[in-house]
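input_34.txt follows (compact mmCIF, C-alpha atoms):
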```txt
# COMPACT_ATOMS: atom_id res chain seq x y z
CA MET A 1 242.69 169.24 -189.09
CA SER A 2 244.52 170.74 -186.12
CA LEU A 3 245.49 168.34 -183.40
CA PRO A 4 244.42 169.07 -179.85
CA ILE A 5 246.60 169.77 -176.87
CA LEU A 6 247.11 166.56 -174.92
CA HIS A 7 247.08 166.65 -171.15
CA MET A 8 247.74 163.57 -169.09
CA MET A 9 246.88 163.70 -165.42
CA PRO A 10 249.51 162.64 -162.87
CA ARG A 11 247.52 159.58 -161.86
CA VAL A 12 247.75 158.20 -165.40
CA GLY A 13 251.38 157.27 -164.81
CA GLY A 14 250.34 155.08 -161.90
CA ASP A 15 247.50 153.61 -163.94
CA ILE A 16 249.79 152.61 -166.80
CA ASP A 17 252.28 151.19 -164.34
CA ARG A 18 249.52 149.14 -162.68
CA CYS A 19 248.18 147.88 -166.02
CA LEU A 20 251.58 146.80 -167.29
CA LYS A 21 252.49 145.15 -164.00
CA PHE A 22 249.25 143.21 -164.21
CA VAL A 23 250.08 142.12 -167.74
CA GLY A 24 253.66 141.31 -166.77
CA ARG A 25 252.49 139.00 -164.00
CA GLN A 26 250.42 136.87 -166.35
CA PRO A 27 252.01 133.87 -168.06
CA TRP A 28 250.58 135.12 -171.34
CA GLY A 29 251.57 138.70 -170.71
CA LYS A 30 253.49 140.71 -173.28
CA PRO A 31 254.03 144.07 -171.62
CA ASP A 32 256.16 145.34 -174.51
CA GLU A 33 253.27 144.96 -176.90
CA ARG A 34 250.72 146.27 -174.43
CA GLU A 35 252.84 149.35 -173.90
CA LEU A 36 252.45 150.05 -177.60
CA ASP A 37 248.71 149.50 -177.33
CA ILE A 38 248.45 152.21 -174.71
CA TYR A 39 250.53 154.62 -176.72
CA GLY A 40 248.51 153.85 -179.85
CA GLY A 41 245.29 154.32 -177.93
CA ILE A 42 246.25 157.74 -176.64
CA ALA A 43 247.36 158.77 -180.11
CA ALA A 44 244.02 157.56 -181.51
CA VAL A 45 242.10 159.52 -178.90
CA CYS A 46 243.96 162.65 -179.95
CA THR A 47 243.26 162.02 -183.63
CA HIS A 48 239.54 161.38 -183.17
CA PRO A 49 238.62 162.70 -179.74
CA ASP A 50 234.92 162.96 -180.48
CA ALA A 51 234.65 159.47 -181.93
CA ARG A 52 233.51 158.16 -178.56
CA ARG A 53 230.31 159.36 -177.01
CA PRO A 54 230.35 161.27 -173.71
CA GLU A 55 229.24 158.89 -170.99
CA VAL A 56 229.45 160.49 -167.59
CA PHE A 57 228.75 164.10 -166.75
CA ARG A 58 229.52 165.75 -163.45
CA THR A 59 227.46 168.81 -162.72
CA ASP A 60 230.03 170.19 -160.30
CA THR A 61 232.91 170.10 -162.76
CA ARG A 62 230.83 170.46 -165.95
CA LEU A 63 232.97 167.70 -167.36
CA TRP A 64 231.98 164.92 -169.72
CA LEU A 65 234.08 161.79 -169.57
CA ARG A 66 234.47 159.40 -172.46
CA ARG A 67 236.20 156.11 -172.83
CA TYR A 68 238.23 154.58 -175.60
CA ARG A 69 238.82 150.86 -175.67
CA VAL A 70 242.16 149.77 -177.03
CA ALA A 71 243.22 146.13 -176.85
CA GLN A 72 243.05 145.18 -173.15
CA PHE A 73 242.74 148.72 -171.91
CA VAL A 74 240.27 151.53 -171.53
CA ILE A 75 241.42 155.12 -171.76
CA ILE A 76 239.20 157.54 -169.88
CA TYR A 77 239.38 161.07 -171.19
CA ALA A 78 237.63 164.37 -171.48
CA TYR A 79 237.43 166.27 -174.73
CA LEU A 80 237.22 170.00 -174.34
CA GLU A 81 236.34 171.69 -177.56
CA SER A 82 237.72 175.13 -178.03
CA ARG A 83 235.20 177.98 -178.20
CA ASP A 84 237.69 180.06 -180.10
CA PRO A 85 238.64 178.68 -183.55
CA SER A 86 242.13 180.06 -183.16
CA LEU A 87 242.74 177.98 -180.05
CA PRO A 88 243.23 174.23 -180.10
CA ASP A 89 240.93 171.74 -178.45
CA VAL A 90 242.15 169.89 -175.37
CA VAL A 91 242.18 166.16 -174.75
CA SER A 92 242.60 165.45 -171.07
CA VAL A 93 243.49 161.84 -170.35
CA ARG A 94 242.17 161.04 -166.89
CA ALA A 95 242.81 157.33 -166.41
CA VAL A 96 243.96 154.16 -168.07
CA ARG A 97 242.36 150.96 -166.86
CA HIS A 98 242.71 147.30 -167.66
CA VAL A 99 239.43 145.75 -168.78
CA ARG A 100 239.98 142.28 -167.39
CA VAL A 101 240.69 140.60 -164.14
CA ALA A 102 242.90 137.54 -163.95
CA ASN A 103 240.18 135.24 -162.77
CA VAL A 104 236.79 135.33 -161.17
CA PHE A 105 238.19 134.31 -157.80
CA ALA A 106 240.55 137.24 -157.51
CA GLY A 107 239.90 139.24 -154.39
CA VAL A 108 237.70 136.69 -152.72
CA LYS A 109 238.66 136.94 -149.09
CA GLU A 110 239.28 134.14 -146.68
CA ALA A 111 236.21 132.94 -144.90
CA VAL A 112 235.77 132.69 -141.20
CA SER A 113 238.07 129.84 -140.14
CA ASP A 114 235.51 127.07 -140.59
CA PRO A 115 232.04 128.31 -141.44
CA TYR A 116 230.63 124.82 -141.15
CA VAL A 117 231.13 124.96 -137.40
CA ASN A 118 228.48 127.66 -137.20
CA PHE A 119 225.88 125.39 -138.68
CA ALA A 120 226.71 122.28 -136.74
CA GLU A 121 225.15 123.52 -133.55
CA MET B 122 220.52 113.79 -151.18
CA ALA B 123 217.46 113.84 -148.96
CA SER B 124 217.14 117.32 -147.53
CA GLY B 125 219.45 119.54 -149.57
CA PRO B 126 222.29 121.61 -148.24
CA ILE B 127 222.20 124.66 -146.05
CA LEU B 128 222.75 127.72 -148.18
CA HIS B 129 225.23 130.15 -146.71
CA TRP B 130 224.71 133.47 -148.47
CA MET B 131 227.45 136.02 -148.00
CA PRO B 132 226.19 139.58 -147.49
CA ARG B 133 228.32 140.84 -150.32
CA VAL B 134 226.43 138.68 -152.82
CA ARG B 135 223.35 140.88 -152.65
CA THR B 136 225.42 143.80 -153.88
CA ASP B 137 226.89 141.60 -156.58
CA ILE B 138 223.47 140.63 -157.84
CA LYS B 139 222.24 144.19 -157.75
CA ARG B 140 225.25 145.23 -159.76
CA CYS B 141 224.71 142.49 -162.31
CA ILE B 142 221.00 143.24 -162.71
CA ASP B 143 221.59 146.96 -162.91
CA PHE B 144 224.09 146.36 -165.68
CA VAL B 145 221.54 144.29 -167.60
CA ARG B 146 218.84 146.89 -167.00
CA ARG B 147 220.94 149.59 -168.59
CA GLN B 148 221.44 147.65 -171.80
CA PRO B 149 218.95 148.14 -174.65
CA TRP B 150 218.71 144.36 -174.94
CA GLY B 151 218.54 143.86 -171.20
CA LYS B 152 215.81 141.74 -169.63
CA PRO B 153 216.44 142.10 -165.91
CA ARG B 154 213.49 139.88 -164.91
CA ASP B 155 214.79 137.03 -167.03
CA ARG B 156 218.30 137.50 -165.72
CA LYS B 157 217.08 137.42 -162.10
CA LEU B 158 215.54 134.11 -162.99
CA ASP B 159 218.87 132.95 -164.41
CA ILE B 160 220.61 133.78 -161.15
CA ARG B 161 217.90 132.07 -159.14
CA ARG B 162 218.13 128.98 -161.31
CA GLY B 163 221.92 129.03 -161.08
CA ILE B 164 221.83 129.12 -157.30
CA ALA B 165 219.20 126.41 -157.21
CA LYS B 166 221.42 124.32 -159.50
CA VAL B 167 224.40 124.89 -157.24
CA CYS B 168 222.37 123.74 -154.25
CA THR B 169 221.05 120.68 -156.07
CA TYR B 170 224.32 119.59 -157.64
CA PRO B 171 227.04 121.32 -155.64
CA GLU B 172 229.68 118.81 -156.69
CA ASP B 173 229.04 119.17 -160.40
CA ASN B 174 231.61 121.92 -160.72
CA ARG B 175 235.20 121.10 -159.94
CA ALA B 176 237.02 122.72 -157.06
CA GLU B 177 239.29 125.30 -158.63
CA LEU B 178 240.89 127.49 -156.05
CA ARG B 179 241.89 126.67 -152.50
CA LEU B 180 241.89 129.44 -149.93
CA PRO B 181 245.10 128.77 -148.05
CA GLU B 182 244.05 129.82 -144.55
CA SER B 183 240.65 128.18 -144.32
CA GLY B 184 241.33 125.34 -146.74
CA LEU B 185 238.05 126.08 -148.50
CA TRP B 186 237.87 125.18 -152.15
CA LEU B 187 236.08 127.62 -154.41
CA ARG B 188 234.04 126.43 -157.37
CA ARG B 189 232.20 128.25 -160.07
CA CYS B 190 228.93 127.61 -161.80
CA ARG B 191 228.01 129.34 -165.02
CA ALA B 192 224.43 130.54 -165.08
CA ALA B 193 223.59 132.21 -168.39
CA GLN B 194 225.42 135.56 -168.31
CA PHE B 195 226.62 135.06 -164.77
CA VAL B 196 229.18 133.13 -162.78
CA ILE B 197 228.33 131.98 -159.29
CA VAL B 198 231.37 131.46 -157.10
CA TYR B 199 230.77 129.13 -154.18
CA ALA B 200 232.28 126.70 -151.72
CA TYR B 201 230.82 123.30 -151.01
CA LEU B 202 231.30 121.83 -147.54
CA PRO B 203 230.13 118.24 -147.31
CA SER B 204 228.89 117.25 -143.91
CA ARG B 205 231.11 115.16 -141.67
CA GLU B 206 228.07 113.81 -139.87
CA PRO B 207 225.38 111.99 -141.84
CA SER B 208 222.77 113.58 -139.60
CA LEU B 209 223.89 117.09 -140.51
CA PRO B 210 223.31 118.73 -143.87
CA ASP B 211 226.00 119.86 -146.26
CA VAL B 212 226.72 123.56 -146.67
CA VAL B 213 226.86 125.58 -149.88
CA SER B 214 228.45 128.94 -149.32
CA ILE B 215 227.83 131.43 -152.13
CA ARG B 216 230.79 133.80 -152.28
CA ALA B 217 230.18 135.96 -155.32
CA VAL B 218 227.98 136.44 -158.35
CA ARG B 219 229.66 138.01 -161.31
CA HIS B 220 228.63 138.98 -164.76
CA VAL B 221 230.81 137.18 -167.29
CA ARG B 222 231.44 140.51 -168.99
CA VAL B 223 233.57 142.14 -166.38
CA ALA B 224 234.08 145.43 -168.19
CA ASN B 225 231.16 147.23 -166.64
CA VAL B 226 231.13 150.89 -167.41
CA PHE B 227 229.12 152.20 -164.50
CA ASP B 228 229.92 149.64 -161.84
CA GLY B 229 232.21 151.92 -159.90
CA VAL B 230 229.67 154.69 -159.62
CA ARG B 231 227.87 154.68 -156.32
CA GLU B 232 224.12 154.83 -156.64
CA ALA B 233 221.38 155.33 -154.15
CA ILE B 234 219.89 152.08 -152.99
CA SER B 235 216.52 151.77 -154.62
CA ASN B 236 213.50 149.75 -153.60
CA ASP B 237 214.30 146.96 -156.00
CA TYR B 238 217.36 146.23 -153.88
CA ALA B 239 215.06 144.70 -151.34
CA ASP B 240 213.33 142.84 -154.13
CA LEU B 241 216.60 141.29 -155.14
CA GLY B 242 217.02 139.96 -151.67
CA SER B 243 213.97 137.80 -152.30
CA ILE B 244 216.02 135.71 -154.67
CA ALA B 245 217.92 134.55 -151.64
CA GLY B 246 214.85 134.51 -149.47
CA GLU B 247 213.10 131.96 -151.63
CA ILE B 248 215.94 129.54 -151.31
CA MET B 249 217.22 130.20 -147.81
CA THR B 250 215.26 128.93 -144.89
CA PRO B 251 214.52 131.43 -142.12
CA LYS B 252 216.75 129.41 -139.85
CA ASN B 253 219.67 129.86 -142.18
CA GLU B 254 219.09 133.57 -142.66
CA ASN B 255 219.63 134.08 -138.98
CA THR B 256 222.81 132.11 -138.83
CA LEU B 257 225.07 134.15 -141.05
CA PRO B 258 228.13 134.19 -138.86
CA SER B 259 229.51 137.46 -140.06
CA GLN B 260 226.27 139.36 -140.52
CA ALA B 261 226.78 141.56 -137.50
CA LEU B 262 230.25 142.51 -138.67
CA VAL B 263 229.31 143.64 -142.13
CA ASP B 264 229.30 147.28 -143.06
CA ASP B 265 228.25 147.83 -146.68
CA ASP B 266 230.44 150.88 -146.89
CA ASP B 267 233.54 149.20 -145.57
CA PRO B 268 235.03 146.64 -147.98
CA ASN B 269 237.23 145.28 -145.19
CA THR B 270 234.15 143.85 -143.51
CA TRP B 271 232.81 142.14 -146.61
CA ASP B 272 233.02 138.39 -146.66
CA CYS B 273 233.55 138.39 -150.34
CA ILE B 274 235.16 141.09 -152.40
CA ILE B 275 235.07 141.09 -156.14
CA ASP B 276 238.12 142.44 -157.80
CA HIS B 277 236.88 145.34 -159.84
CA GLU B 278 240.24 146.17 -161.27
CA ASP B 279 238.56 146.29 -164.62
CA ASP B 280 235.66 148.49 -163.60
CA ILE B 281 235.69 152.16 -164.25
CA ASP B 282 235.29 154.14 -161.10
CA TRP B 283 234.23 157.42 -162.62
CA GLU B 284 233.81 159.17 -159.29
CA ASN B 285 237.29 158.22 -158.21
CA ILE B 286 238.80 159.31 -161.51
CA ILE B 287 237.13 162.68 -161.25
CA ALA B 288 238.10 163.08 -157.62
CA THR B 289 241.74 162.24 -158.24
CA THR B 290 242.23 164.35 -161.33
CA GLU B 291 240.10 167.44 -161.01
CA GLU B 292 242.37 169.31 -158.60
CA ASP B 293 245.43 168.54 -160.73
CA ASP B 294 243.63 169.78 -163.80
CA LYS B 295 242.60 173.03 -162.14
CA ALA B 296 246.12 173.55 -160.84
CA GLY B 297 247.68 172.73 -164.20
CA ARG B 298 249.61 169.74 -162.85
CA TYR B 299 250.14 167.31 -165.68
CA LEU B 300 252.13 164.18 -166.16
CA PHE B 301 252.38 165.18 -169.78
CA ASN B 302 251.45 168.32 -171.69
CA SER B 303 251.89 168.36 -175.42
CA ALA B 304 251.87 172.15 -175.34
CA ASP B 305 255.36 171.97 -173.84
CA TYR B 306 256.74 170.80 -177.18
CA ALA B 307 257.30 172.77 -180.33
CA THR B 308 255.62 170.32 -182.67
CA TRP B 309 253.12 167.52 -182.43
CA GLU B 310 255.76 165.04 -183.64
CA GLU B 311 258.11 166.03 -180.82
CA ALA B 312 255.30 165.71 -178.34
CA MET B 313 254.45 162.22 -179.56
CA ILE B 314 258.08 161.13 -179.30
CA ALA B 315 258.18 162.44 -175.75
CA LEU B 316 254.91 160.66 -174.95
CA ARG B 317 256.31 157.44 -176.37
CA ASP B 318 259.43 157.81 -174.21
CA LEU B 319 257.35 158.56 -171.14
CA ILE B 320 255.18 155.48 -171.56
CA HIS B 321 258.26 153.39 -172.28
CA SER B 322 259.97 154.55 -169.10
CA ILE B 323 256.86 153.67 -167.07
CA ALA B 324 256.74 150.27 -168.78
CA GLU B 325 260.40 149.57 -168.08
CA ARG B 326 259.91 150.42 -164.41
CA ALA B 327 256.84 148.19 -164.22
CA LYS B 328 258.69 145.28 -165.83
CA ARG B 329 261.62 145.66 -163.45
CA ARG B 330 259.28 145.56 -160.46
CA VAL B 331 257.47 142.50 -161.73
CA ALA B 332 260.81 140.78 -162.36
CA ALA B 333 262.02 141.71 -158.88
CA ASN B 334 258.84 140.44 -157.25
CA THR B 335 258.98 137.20 -159.23
CA ALA B 336 262.57 136.66 -158.16
CA TYR B 337 261.62 137.39 -154.57
CA ASP B 338 258.72 134.93 -154.69
CA ALA B 339 260.95 132.29 -156.23
CA SER B 340 263.61 132.71 -153.56
CA ARG B 341 260.96 132.36 -150.83
CA ARG B 342 259.69 129.09 -152.29
CA ARG B 343 263.11 127.48 -152.11
```
Would you mind writing the structure in this file as C-alpha cells?
Amino acid sequence: MSLPILHMMPRVGGDIDRCLKFVGRQPWGKPDERELDIYGGIAAVCTHPDARRPEVFRTDTRLWLRRYRVAQFVIIYAYLESRDPSLPDVVSVRAVRHVRVANVFAGVKEAVSDPYVNFAE
Amino acid sequence: MASGPILHWMPRVRTDIKRCIDFVRRQPWGKPRDRKLDIRRGIAKVCTYPEDNRAELRLPESGLWLRRCRAAQFVIVYAYLPSREPSLPDVVSIRAVRHVRVANVFDGVREAISNDYADLGSIAGEIMTPKNENTLPSQALVDDDDPNTWDCIIDHEDDIDWENIIATTEEDDKAGRYLFNSADYATWEEAMIALRDLIHSIAERAKRRVAANTAYDASRRR
C-alpha cells in the first residue's frame, strides 16, 4: 500500500492552536495528550483515507469533504484519488475542529439591561 | 401561580429550534414531529415550573441568572424573572434551545428557509399570547444574518462550517500554499517526524498563550 501525499492547509495551524487553547483553558484539559490525538488522527486519515464516507460535495470545486473523529476532535479532509496508478493519492486536511463546547451557556449574550421593565408597563 | 408567567421568546430561539429539528430530520431514526412535541413540552414545563431548575450562570452586566431545563434530546436555556409586584406576572425568558449532542455535522451550512420554518414558529405561538409577541423589546433590532444583533448566540465552536472551510482553503489549495506538504520530504517517516514537530510547536505556542492569559487574569483579580 502506497501512502498518499499529505497536504495541510494554512488554516489548519490556527485550528489546532484554537483547539489546544480551548483544552488548555479547561480544568480537566490535558493539551499534551490532545496534541498526540490530533497527530494520531491525521496519521490515521493518511493510512485509511477512504474509511470515512464523503459527506459534503461542492459543485463549484468538485470536492468531497469527509470527517474523521479522533478523541475530542474532528479532522475535515478531502481524499483525492489518483487517476494514474503511478502517482500517489492526495489527502488534503482542511480543518481541525473541537467537537464540544465548554457549556451550554457559552456565547449567550447579555440581555437588554432589564427585560422585565418592558413588560411592566 | 394563578396566571402563569409571560414568556419572553428571543428571536434567535426560532433558528435554534429549526436547527435542532433539521438535525433530527436528517437522522434515519429521527422523528421530527415527536421532537417538536418534546420542545413544546419542555417550554411548557419551564413556564409551569420555572424555579425547578437551579440558577447556574449569572450574566454579569444584567445580573440575569440563566437556568437550563432538559427536554428529551434538548436543553432549554432560560432566565426566570419573578415579579416584584404581586399584580404583575413573572417573566420566563427563553434564551436558547440546544440539542444535547452538540457535534452537528451540517449545522454550519446555510440552508434556504423552507416553509416548515414558519411552522416551527407555531410552537412559540401556541404558548405566547399575542400581547407578548408584540412586546419583544429587541425584535426591531434583529437581523437574522447579523449575529451581533441576536439576543442569544449559541457557541457553535463544535459545529462544522463546511462552507467556511471550503471558502478559506480552496484558494490556498489552488495556489499550492500549504502549512505542511509531505511531498517536501524524502520519506514518509521523515514527513511524519516533521508533522509531529509542527503540531508540537503549535501546541507549545498555544500552551504558552493560555498560561500567559491565565496569569494575566489572575493578576487582574488581585
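Computed from the coordinates, the CA of Pro126 (chain B) to CA of Tyr170 (chain B) distance equals 9.8 Å.
Proximity to chain A was assessed for B:Ala200, B:Met313, B:Leu300, B:Leu319 counting only C-alpha atoms; the smallest distance is recorded for B:Leu300.
Minimum atom-to-atom distance to chain B, evaluated using only C-alpha atoms, belongs to A:Tyr39 out of A:Pro88, A:Val70, A:Tyr39, A:Gly29.
Counting from CA of Gly163 (chain B), the distance to CA of Val145 (chain B) is 16.6 Å.
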Exercise for review: To one decimal in Å, tell me the separation between CA of Val74 (chain A) and CA of Arg329 (chain B).
Suggested key: 23.6 Å
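Among the candidate residues B:Arg188, B:His129, B:Arg179, B:His220, the one lying nearest to Cys141 (chain B) is B:His220, with distances computed using all atoms listed in the file.
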Point to revise | Distance criterion (all atoms listed in the file): nearest to chain B out of A:Arg94, A:Arg69, A:Arg52, A:Lys30 | key: A:Arg94
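Residue nearest Thr308 (chain B) within the list A:Pro49, A:Pro4, A:Gly41, A:Gly13: A:Pro4 [criterion: smallest interatomic distance, all atoms listed in the file].
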Review point. What lies within 8 Å of Ala95 (chain A) using only C-alpha atoms, ignoring chain neighbours under 6 positions off, as an MDAnalysis selection string?
Key: (chainID A and resid 9 11:12 15 75:77) or (chainID B and resid 286)
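Those residues that approach Ser2 (chain A) to within 10 Å, counting all atoms listed in the file, are Thr47, Leu87, Pro88 and Asp89 of chain A; Trp309 of chain B; same-chain residues fewer than 5 positions away are not listed.
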Would you fill out region 157-188 of chain B with N, CA and C atoms and return it as a compact mmCIF listing (two decimals), in the coordinates of the input?
```txt
# COMPACT_ATOMS: atom_id res chain seq x y z
N LYS B 157 217.28 137.80 -163.51
CA LYS B 157 217.08 137.42 -162.10
C LYS B 157 216.75 135.95 -162.01
N LEU B 158 215.92 135.53 -162.95
CA LEU B 158 215.54 134.11 -162.99
C LEU B 158 216.76 133.24 -163.25
N ASP B 159 217.64 133.71 -164.13
CA ASP B 159 218.87 132.95 -164.41
C ASP B 159 219.69 132.77 -163.14
N ILE B 160 219.81 133.86 -162.38
CA ILE B 160 220.61 133.78 -161.15
C ILE B 160 219.95 132.81 -160.17
N ARG B 161 218.63 132.95 -160.07
CA ARG B 161 217.90 132.07 -159.14
C ARG B 161 218.08 130.61 -159.54
N ARG B 162 217.96 130.36 -160.83
CA ARG B 162 218.13 128.98 -161.31
C ARG B 162 219.56 128.50 -161.05
N GLY B 163 220.51 129.40 -161.29
CA GLY B 163 221.92 129.03 -161.08
C GLY B 163 222.18 128.65 -159.64
N ILE B 164 221.62 129.42 -158.72
CA ILE B 164 221.83 129.12 -157.30
C ILE B 164 221.11 127.83 -156.92
N ALA B 165 219.93 127.66 -157.48
CA ALA B 165 219.20 126.41 -157.21
C ALA B 165 220.00 125.22 -157.74
N LYS B 166 220.61 125.39 -158.91
CA LYS B 166 221.42 124.32 -159.50
C LYS B 166 222.63 124.01 -158.62
N VAL B 167 223.25 125.07 -158.12
CA VAL B 167 224.40 124.89 -157.24
C VAL B 167 223.99 124.10 -155.99
N CYS B 168 222.83 124.44 -155.46
CA CYS B 168 222.37 123.74 -154.25
C CYS B 168 222.01 122.28 -154.55
N THR B 169 221.48 122.04 -155.73
CA THR B 169 221.05 120.68 -156.07
C THR B 169 222.24 119.80 -156.44
N TYR B 170 223.15 120.36 -157.19
CA TYR B 170 224.32 119.59 -157.64
C TYR B 170 225.61 120.35 -157.28
N PRO B 171 225.89 120.50 -156.01
CA PRO B 171 227.04 121.32 -155.64
C PRO B 171 228.38 120.74 -156.09
N GLU B 172 228.41 119.43 -156.32
CA GLU B 172 229.68 118.81 -156.69
C GLU B 172 229.89 118.76 -158.20
N ASP B 173 228.92 119.26 -158.95
CA ASP B 173 229.04 119.17 -160.40
C ASP B 173 230.20 119.99 -160.95
N ASN B 174 230.53 121.05 -160.25
CA ASN B 174 231.61 121.92 -160.72
C ASN B 174 232.87 121.62 -159.91
N ARG B 175 233.96 121.52 -160.62
CA ARG B 175 235.20 121.10 -159.94
C ARG B 175 235.70 122.19 -159.00
N ALA B 176 236.37 121.77 -157.96
CA ALA B 176 237.02 122.72 -157.06
C ALA B 176 238.20 123.33 -157.80
N GLU B 177 238.27 124.65 -157.79
CA GLU B 177 239.29 125.30 -158.63
C GLU B 177 240.35 126.05 -157.85
N LEU B 178 239.93 126.65 -156.78
CA LEU B 178 240.89 127.49 -156.05
C LEU B 178 240.77 127.23 -154.56
N ARG B 179 241.90 126.95 -153.93
CA ARG B 179 241.89 126.67 -152.50
C ARG B 179 242.32 127.92 -151.74
N LEU B 180 241.50 128.32 -150.78
CA LEU B 180 241.89 129.44 -149.93
C LEU B 180 242.85 128.90 -148.87
N PRO B 181 244.05 129.42 -148.86
CA PRO B 181 245.10 128.77 -148.05
C PRO B 181 244.82 128.74 -146.55
N GLU B 182 244.22 129.78 -146.01
CA GLU B 182 244.05 129.82 -144.55
C GLU B 182 242.93 128.90 -144.08
N SER B 183 241.80 128.96 -144.76
CA SER B 183 240.65 128.18 -144.32
C SER B 183 240.62 126.79 -144.95
N GLY B 184 241.37 126.61 -146.05
CA GLY B 184 241.33 125.34 -146.74
C GLY B 184 240.08 125.15 -147.58
N LEU B 185 239.27 126.17 -147.68
CA LEU B 185 238.05 126.08 -148.50
C LEU B 185 238.41 126.04 -149.98
N TRP B 186 237.70 125.21 -150.70
CA TRP B 186 237.87 125.18 -152.15
C TRP B 186 236.74 125.96 -152.80
N LEU B 187 237.09 126.86 -153.69
CA LEU B 187 236.08 127.62 -154.41
C LEU B 187 235.77 126.94 -155.74
N ARG B 188 234.51 126.97 -156.09
CA ARG B 188 234.04 126.43 -157.37
C ARG B 188 233.26 127.51 -158.09
```
